[in-house]
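Notes for the one structure printed next.
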Amino acid sequence: MFLQNAWYVAGFADEVEGDRPLARTLLDEPVVLFRGSEGRLAALADRCPHRFAPLSKGTVCGPERALQCGYHGLKFGLDGACVHNPHGPIPVAARVKSYPVVERHGLIWLWAGRPALADAAYIPDYSEFSKAPEDGTIRGYLPTHCHYQLIVDNILDLTHADYLHAGGLGNGSITRSKGAVTDISPSSLRVSWSVTNEPAPPAFDMHLREQGQLSDQWNEVTWTAPGNMHLRVGATLHSESREQGMEALTLHLTSPETSTTAHYWYWSTRHFAISAEANAQIRKFIEFAFGEQDKPMLEAQQRAMRGHEFWSLKPLLLASDGGAVRVRRKLNLLMQSENPTDNPNLADQSNPAPMDLEQSRRRI
Amino acid sequence: MFLQNAWYVAGFADEVEGDRPLARTLLDEPVVLFRGSEGRLAALADRCPHRFAPLSKGTVCGPERALQCGYHGLKFGLDGACVHNPHGPIPVAARVKSYPVVERHGLIWLWAGRPALADAAYIPDYSEFSKAPEDGTIRGYLPTHCHYQLIVDNILDLTHADYLHAGGLGNGSITRSKGAVTDISPSSLRVSWSVTNEPAPPAFDMHLREQGQLSDQWNEVTWTAPGNMHLRVGATLHSESREQGMEALTLHLTSPETSTTAHYWYWSTRHFAISAEANAQIRKFIEFAFGEQDKPMLEAQQRAMRGHEFWSLKPLLLASDGGAVRVRRKLNLLMQSENPTDNPNLADQSNPAPMDLEQSRRRI
Amino acid sequence: MFLQNAWYVAGFADEVEGDRPLARTLLDEPVVLFRGSEGRLAALADRCPHRFAPLSKGTVCGPERALQCGYHGLKFGLDGACVHNPHGPIPVAARVKSYPVVERHGLIWLWAGRPALADAAYIPDYSEFSKAPEDGTIRGYLPTHCHYQLIVDNILDLTHADYLHAGGLGNGSITRSKGAVTDISPSSLRVSWSVTNEPAPPAFDMHLREQGQLSDQWNEVTWTAPGNMHLRVGATLHSESREQGMEALTLHLTSPETSTTAHYWYWSTRHFAISAEANAQIRKFIEFAFGEQDKPMLEAQQRAMRGHEFWSLKPLLLASDGGAVRVRRKLNLLMQSENPTDNPNLADQSNPAPMDLEQSRRRI
């Protein structure tokens, strides 16, 4: 059960190049991504209607740059219609499902729901990342064995940095600062943590004008449904301007692969330490934090849930969960509006009354 | 759900040698194969009735050459009856199921159904393979993660060579020639593709008297239920006799291991290039084509079907599917005759009305 | 379905040391073991009530030595109550299940049932192992893919040594001697095999005063519910006293991890060959016998049962099964007394009437 009428990230634009199609399961549906003539992207159901071979095992070929099945040679165009049958006339039924797909600022976006509703205007503007200098940019992809909403929860509650990333991205300052949730729209919100006159976490402190001094810090996560997070974090010496300090921007983009696995892309840039050498060092640090700290924790969390639905386990809500809980509510409301009658369970979930929700409401 | 009253290949005869029993699951039933006195073959259920240890973990021993359980020492004869209990008298119930089994021309055949119906006369005659010279023979075994009928489908539609094996076994000539289906019996049929005045596929061309010339080609698959295919392929320079050309015979033999995995044995011989050196080269080629091209495609196809029954996915039938579809119908009719009343689904499947069947009927 | 009100071995005491908690699933429940102040052991449900991260990914910290969740920093005390919430006041509901746990003579024992019934007096006295000299002691842990009762069955019928360990721990003498079952209590019994005037199995013979002579042997297994076996085996030259021979004591301790996997600890000591060199040799031998012979057979047996319940497969009972069958009956009676009304199946199982039970009753 995923939100259907939404743009999901399907990959970095350069993951689909040349004649090689890319297989990617999204929302539990196998999809093949490929480029037709003039590099135009297409996303089709990754199963030939003839003998069910994955079309992703074929190749893009011919002047028309259609996707040819590697098993018996049927060819399909960007819209999923069969354009060539080497065994006879093209059967009317020879067609595979196609998905609206848009390439924008270095990312591929796929619309999972009704094609008529797909409007590229809904895609968040992440152009600052595709414009950033190469030596100040770090990208990565982490296939992660957890429900994609756990990844959303993770970023929406940055206090985890103080524990999971202690000694690197966190030193307790975020937890002490308490977050503030700002509602933006039915499908977006922002959580901010503002820290004043505290030591900076080691990973930030090392990039300040002087080390080991008191600092001011800012952390802002802007979530856009379903799984897109834009994170701005920065620090400056106490009372100095933001411009004198350091600031990094990171996209955390996640899409469901199945109900227990997720795609997780990150894309980071910054306004300091722009050099190949600095980039290599920071990349190492980020790969450790996201790949060796976040990912194992998210996967352990998924396993510990043992197949149960999140709310059914009655999570203990804390003050720090304000943003994540509101995001889950928004997603449930969006899903309800897609399925107004047929899902009483979802209705229940949109109105969770877990143990400490009242408390968390008061705090944030 | 598999055809029961049929001979299934259980292995090459020399897979069972000496005192070591062989464990092999067939039709979802664990079976142990071993040789008793004078090398006589036996096939028993691979589970000791005492504590359920697999008998295949035991050894053949004693002058009676019985199969002794490796856990607590019970011994079983060729017919499955316990012949020795070291802990006391032999209990009446100490017996395991035995399967009729026949060794013929280098293959082991197992009868899965009612023993009273097992008649070795039904076993197809593949003697030409056991008589072939060693330097002109190539054998192999490919455990494959797909339903065994997908392997049957694969061989019954040789047009796949033009795409999956393009540049080796195929160059489009089979697809252009259109196949002809000949009904032989309720449990066998033949599909032939006859090619005239076309370039030969590279793997054949290199063995013709002159390279790069136009040729005539013949391809004939003879299927015998449930999963036995005898394939004759050959080429000769255009208008020359078959004897002046090259011809290869290949058995493609498959038996279900489970509903999603199959045993796949191939056994190839030919009338040309009989030498150890040529054999080594051709073996490499065959292992690549069957093991690195067919097998991954078959397994991808199985995964793409995601547990659904073949017809339930409404395959788009093309002209080239004539043989494969008739084989599926024949198998369904044979299964129906075994279970006349209790399987309305099978009845439905024997009469598929998928999208383009009418078209394929007209074409073949 | 496991016996609840019982002490299960959860590990060797030194498996839980320092600040590192230990994750261990017992009776299908994920448990975290850790040491609080003064080294006191605690066993908690291994799932933080906040976001379901496994607490075993956290650390023991602070002067109070509480277990801190590694994700968002909640701390829990030995009794499972939250003692610190960095995000606000401690919610009343912030508590995880705790299990009664006792450290005794080098082993950790966990009570799976109602805490009020946990009485450490029920724990069997295995003090002789913790007192044994290091050079005469061998311990090991074997995670095994089978139901824990198959491990119990294995040790309760030592005739398996004559076949599975032939040429090492067995030479047929145990099978020839027939076992005698002595009922001790509703939750314990003993099986003894007494061998007179027979060659000793090779592994024992090599430690006798003279090799290749006739010997007397004794083998005694004392089972204590649910999965604890104390094994005494020894041999001496025929007619000589036990003191002149060799004797080894081995604990075989098993607890269910899930319904198809078990924890298996062994702990062996002896009255002969006390030296580092002899210990290393004997360790090698034991690791082979338990790890390369017993474990693969137990796992093969589990697979061969294909998910079926033991009695439903109608095992053929032999004379040698007397002890194992009585143990299964005792376990079923103990489980029935825990669930007097709600499990008619268990009632049936406690009264199995398999094929040769009468015979086995007469023999033992």
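As shown in the structure tokens, the chain order sets the letters A, B, ...; within each chain, residues go from 1, and ligands are also counted from 1 in the order they appear.
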>> Tell me as a list in words which residues belonging to chain A come within 7 Å of chain C, counting only C-alpha atoms.
In response: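 Listed by rising number, the hits are Thr159, His160, Tyr163, Leu164, Thr175, Met297, Ala300, Gln301, Ala304, Met305, Pro315, Leu316, Leu317, Leu318, Ala319, Ser320 and Asp356 of chain A.
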Output for the residues just chosen: N, CA and C atoms as a compact mmCIF listing (two decimals), in the first residue's frame:
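What landed in result_23.txt:
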# COMPACT_ATOMS: atom_id res chain seq x y z
N THR A 159 17.56 14.15 15.80
CA THR A 159 18.21 13.85 17.09
C THR A 159 18.96 12.53 17.02
N HIS A 160 18.63 11.70 16.04
CA HIS A 160 19.35 10.43 15.94
C HIS A 160 20.85 10.67 15.70
N TYR A 163 23.10 10.25 18.71
CA TYR A 163 23.36 8.91 19.26
C TYR A 163 23.98 8.00 18.22
N LEU A 164 23.31 7.89 17.06
CA LEU A 164 23.81 6.98 16.03
C LEU A 164 25.10 7.52 15.40
N THR A 175 19.51 17.34 20.12
CA THR A 175 18.54 16.88 21.11
C THR A 175 18.21 18.00 22.09
N MET A 297 21.17 0.38 10.97
CA MET A 297 20.16 0.62 11.99
C MET A 297 18.75 0.51 11.40
N ALA A 300 17.99 -3.09 10.86
CA ALA A 300 17.75 -3.79 12.12
C ALA A 300 16.36 -3.46 12.65
N GLN A 301 15.99 -2.21 12.50
CA GLN A 301 14.66 -1.74 12.91
C GLN A 301 13.58 -2.51 12.13
N ALA A 304 13.39 -5.99 13.37
CA ALA A 304 12.81 -6.05 14.72
C ALA A 304 11.29 -5.90 14.68
N MET A 305 10.78 -5.26 13.63
CA MET A 305 9.32 -5.10 13.51
C MET A 305 8.66 -6.40 13.03
N PRO A 315 4.06 2.43 18.80
CA PRO A 315 5.33 3.08 19.14
C PRO A 315 5.13 4.10 20.26
N LEU A 316 6.10 4.18 21.10
CA LEU A 316 6.13 5.19 22.15
C LEU A 316 6.55 6.51 21.50
N LEU A 317 5.67 7.49 21.51
CA LEU A 317 6.03 8.74 20.84
C LEU A 317 6.71 9.69 21.80
N LEU A 318 7.79 10.28 21.34
CA LEU A 318 8.54 11.25 22.14
C LEU A 318 8.41 12.63 21.50
N ALA A 319 8.86 13.64 22.23
CA ALA A 319 8.78 15.01 21.72
C ALA A 319 9.47 15.13 20.36
N SER A 320 10.54 14.36 20.20
CA SER A 320 11.33 14.47 18.97
C SER A 320 10.64 13.85 17.76
N ASP A 356 2.01 8.46 23.88
CA ASP A 356 2.45 9.78 24.33
C ASP A 356 2.25 10.87 23.30
> Within 7 Å of stretch 244-254 of chain A, counting only C-alpha atoms, which residues qualify if same-chain residues fewer than 2 places away don't, as a VMD selection string?
Replying inline: chain A and resid 9 148 207 to 208 227 to 237 240 to 242 256 262 to 272
>> Please compute the atom CA of B:Arg176-atom CA of B:Ile138 distance, one decimal, in Å.
In response: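 Separating atom CA of B:Arg176 from atom CA of B:Ile138 is a distance of 29.2 Å.
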>> Just list as a PyMOL selection string whatever in stretch 73-304 of chain A DSSP marks as alpha helix (DSSP H).
In response: chain A and resi 127-130+148-156+160-164+173-177+202-205+276-286+295-304
>> I'd like the neighbourhood of C:Ala43 as an MDAnalysis selection string, where a residue qualifies if any of its atoms comes within 9 Å (using only C-alpha atoms), though same-chain residues fewer than 6 positions away should be ignored.
In response: chainID C and resid 31:35 78:80 97:101 110
Please identify which residues in stretch 205-246 of chain A DSSP calls strand (DSSP E) from the backbone, and express them as a compact mmCIF listing (two decimals) with N, CA and C atoms, in the first residue's frame.
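Saved result, selection-v8.txt, follows:
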# COMPACT_ATOMS: atom_id res chain seq x y z
N LEU A 214 32.62 27.81 20.93
CA LEU A 214 31.16 27.71 20.94
C LEU A 214 30.61 28.20 19.59
N SER A 215 29.49 27.65 19.20
CA SER A 215 28.97 27.94 17.86
C SER A 215 27.45 28.08 17.89
N ASP A 216 26.93 28.60 16.81
CA ASP A 216 25.49 28.53 16.55
C ASP A 216 25.30 27.56 15.38
N GLN A 217 24.20 26.81 15.41
CA GLN A 217 23.97 25.80 14.38
C GLN A 217 22.54 25.87 13.88
N TRP A 218 22.33 25.48 12.62
CA TRP A 218 20.98 25.41 12.08
C TRP A 218 20.83 24.09 11.30
N ASN A 219 19.69 23.49 11.47
CA ASN A 219 19.37 22.24 10.79
C ASN A 219 17.94 22.33 10.31
N GLU A 220 17.73 22.17 9.02
CA GLU A 220 16.36 22.27 8.49
C GLU A 220 16.11 21.13 7.51
N VAL A 221 15.06 20.36 7.79
CA VAL A 221 14.66 19.31 6.86
C VAL A 221 13.36 19.72 6.21
N THR A 222 13.34 19.73 4.89
CA THR A 222 12.08 20.00 4.20
C THR A 222 11.65 18.72 3.49
N TRP A 223 10.55 18.19 3.94
CA TRP A 223 10.03 16.96 3.36
C TRP A 223 8.99 17.27 2.30
N THR A 224 9.07 16.57 1.17
CA THR A 224 8.04 16.62 0.14
C THR A 224 7.60 15.18 -0.12
N ASN A 228 10.92 12.51 -0.16
CA ASN A 228 11.98 13.42 -0.57
C ASN A 228 12.31 14.39 0.56
N MET A 229 13.53 14.38 0.98
CA MET A 229 13.96 15.26 2.05
C MET A 229 15.13 16.12 1.59
N HIS A 230 14.98 17.40 1.82
CA HIS A 230 16.06 18.37 1.56
C HIS A 230 16.55 18.82 2.91
N LEU A 231 17.83 18.62 3.16
CA LEU A 231 18.39 18.89 4.47
C LEU A 231 19.45 19.98 4.37
N ARG A 232 19.26 21.03 5.17
CA ARG A 232 20.26 22.10 5.25
C ARG A 232 20.83 22.08 6.66
N VAL A 233 22.14 21.90 6.77
CA VAL A 233 22.76 21.96 8.10
C VAL A 233 23.95 22.91 8.02
N GLY A 234 24.15 23.64 9.10
CA GLY A 234 25.26 24.58 9.09
C GLY A 234 25.67 24.96 10.50
N ALA A 235 26.83 25.55 10.59
CA ALA A 235 27.33 26.02 11.88
C ALA A 235 28.24 27.22 11.64
N THR A 236 28.26 28.11 12.61
CA THR A 236 29.18 29.26 12.55
C THR A 236 29.62 29.56 13.97
N LEU A 237 30.73 30.22 14.11
CA LEU A 237 31.14 30.59 15.47
C LEU A 237 30.06 31.47 16.09
N MET A 246 30.06 27.31 8.03
CA MET A 246 30.00 26.23 7.03
C MET A 246 28.53 25.83 6.87
> What does the distance from atom CA of C:Gly168 to atom CA of C:Leu150 come to in Å, to one decimal?
Replying inline: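 Pair atom CA of C:Gly168 / atom CA of C:Leu150 returns 21.8 Å.
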